[in-house]
Amino acid sequence: MTDLIARATVVVLTYNGEKYLGRILDALAGQKFSKAFEILVIDSGSTDTTLEIVSQHPGVRLHEIPNSEFGHGRTRNLGARLAKGSIVVYLTHDAIPIGRGWLEAMVEPFDDPEVVAVLGRQVARPDAPPIIKYEIERTFLRQGEPGQVTKYRGDFAPGSRDEAIATFYSDSASAARRETLLGEIPYPEVDYAEDQLFCRAVIASGRAKAYAGGAVVEHSNDLGLRELGARVQADVLGLRTSGTEVARTSVLNATLKWVKWASVDFGRILTDPDLSIPSKLKWAVLNPIYHVVKWSNYRRATIAELVLVEKSGSED
């Protein structure tokens, strides 16, 4: 790390992030990176011990903003302006880098001049419900092989599955060229889906997104049944509000999805080596209930009248 111009700036966005922040900053401090990098925390009004944790890591630069000024896209653009590195790497306050080579793997795809944005791989926390764990696994396996770099450009049919894969993006663990963010493709300042919209703009511009399958973070939302239902509705409504077309879902279709995915997960639970026998029995019973909550709320969100998604300073 250095005060001089760095190869990369890791921007960690925090708001009451005490639960995982210490592990994140420790992991970043231990990175084996071939060039200079810095760590920048942008905090939006934390009232827990977040700032105390940052103060225990003297190599970290802190920038504070009022919670009222936070925006998912706006604050990431602020991070790009404050960054000293030519590559801006973003982490939310609950995404924990795994391994000392994480940052190197995140930055490596930028050796290709066509690549202006990079998506890292995510794995669920050990105690995540199977419905969340398996969905994360499926999502990132569609992006490419673990440990490998996969590049995406705009060579797909509009509305196809390939388009959905190419334009998928999550800025919980991502990176972009600073000159791109400060130039023609900043993050859009919207209430929701700023990451998806950013990636679409990258692809539409003729540049490329890369998936860094070797840059892994531990990240999954800590959700109970009620929180899962609310999250599913917020996700679908947010996508619709951002302009993504989401087909209306009938009761029959939602039921068929519940049967399909509850059955798929049941087979996975029985053979999951990470689950003890008591955990297998527990989730064999509970996981179908999680799917009822997921697909019933998904259906509600697809047929609901569009409303603005409430803006929040949270980075979960």
# chains A, B, ... in the order shown; residues from 1 in each chain; ligands from 1

$ select_by_dssp --residues "region 93-231 of chain A" --states "helix (DSSP H, G or I)" --output "MDAnalysis selection string"
chainID A and resid 102:111 130:143 161:166 178:182 194:204 225:231

$ residues_around --residues "Ala6 (chain A)" --least-positions-apart "4" --cutoff "10 Å" --atoms "only C-alpha atoms" --output "list of chain:residue names"
A:Met1, A:Thr2, A:Lys35, A:Ala36, A:Phe37, A:Glu38, A:Ala83, A:Lys84, A:Gly85, A:Ser86, A:Ile87

$ write_last_selection --atoms "C-alpha atoms" --output "PDB file, in the first residue's frame"
ATOM      1  CA  MET A   1       0.000   0.000   0.000  1.00  0.00           C
ATOM      2  CA  THR A   2       1.219   3.490  -0.759  1.00  0.00           C
ATOM      3  CA  LYS A  35       1.728  -3.718  -7.299  1.00  0.00           C
ATOM      4  CA  ALA A  36       0.716  -0.879  -4.994  1.00  0.00           C
ATOM      5  CA  PHE A  37      -2.850  -0.692  -3.688  1.00  0.00           C
ATOM      6  CA  GLU A  38      -4.821   1.209  -1.099  1.00  0.00           C
ATOM      7  CA  ALA A  83      -9.495   6.636  -5.524  1.00  0.00           C
ATOM      8  CA  LYS A  84      -5.772   6.860  -6.230  1.00  0.00           C
ATOM      9  CA  GLY A  85      -5.700   3.594  -8.148  1.00  0.00           C
ATOM     10  CA  SER A  86      -6.363   3.135 -11.861  1.00  0.00           C
ATOM     11  CA  ILE A  87      -8.581   0.157 -10.990  1.00  0.00           C
TER      12      ILE A  87
END

$ closest_residue --among "A:Ile53, A:Ile203, A:Leu197, A:Ala262" --to "Leu239 (chain A)" --atoms "only C-alpha atoms"
A:Leu197

$ closest_atom_pairs --of "region 194-257 of chain A" --to "region 144-153 of chain A" --cutoff "8 Å" --atoms "only C-alpha atoms" --output "CSV"
residue,atom,partner,partner_atom,distance
A:Ile203,CA,A:Arg153,CA,5.8
A:Gly206,CA,A:Arg153,CA,6.9
A:Arg207,CA,A:Arg153,CA,6.5
A:Ala208,CA,A:Arg153,CA,4.8
A:Lys209,CA,A:Tyr152,CA,5.2
A:Ala210,CA,A:Lys151,CA,4.3
A:Tyr211,CA,A:Thr150,CA,5.1
A:Ala212,CA,A:Val149,CA,4.8
A:Gly213,CA,A:Pro146,CA,4.4
A:Gly214,CA,A:Gly147,CA,3.8
A:Ala215,CA,A:Gly147,CA,7.5

$ closest_residue --among "A:Val259, A:Leu91, A:Ala254, A:Ile289" --to "Arg226 (chain A)" --atoms "only C-alpha atoms"
A:Ile289

$ closest_residue --among "A:Ala284, A:Arg200, A:Gly99, A:Asn297" --to "Ile185 (chain A)" --atoms "only C-alpha atoms"
A:Arg200

$ residues_around --residues "Leu82 (chain A)" --least-positions-apart "4" --cutoff "10 Å" --atoms "only C-alpha atoms" --output "CSV table (one decimal) with C-alpha atoms, in the first residue's frame"
chain,number,residue,atom,x,y,z
A,9,THR,CA,-8.0,1.1,-4.8
A,11,VAL,CA,-13.4,0.8,-1.8
A,40,LEU,CA,-10.6,3.2,1.2
A,42,ILE,CA,-16.6,5.1,2.7
A,63,HIS,CA,-14.1,9.0,4.2
A,76,ARG,CA,-19.6,4.2,-5.8
A,77,ASN,CA,-19.0,7.2,-8.1
A,78,LEU,CA,-17.7,9.1,-5.1
A,88,VAL,CA,-11.4,0.7,-8.5
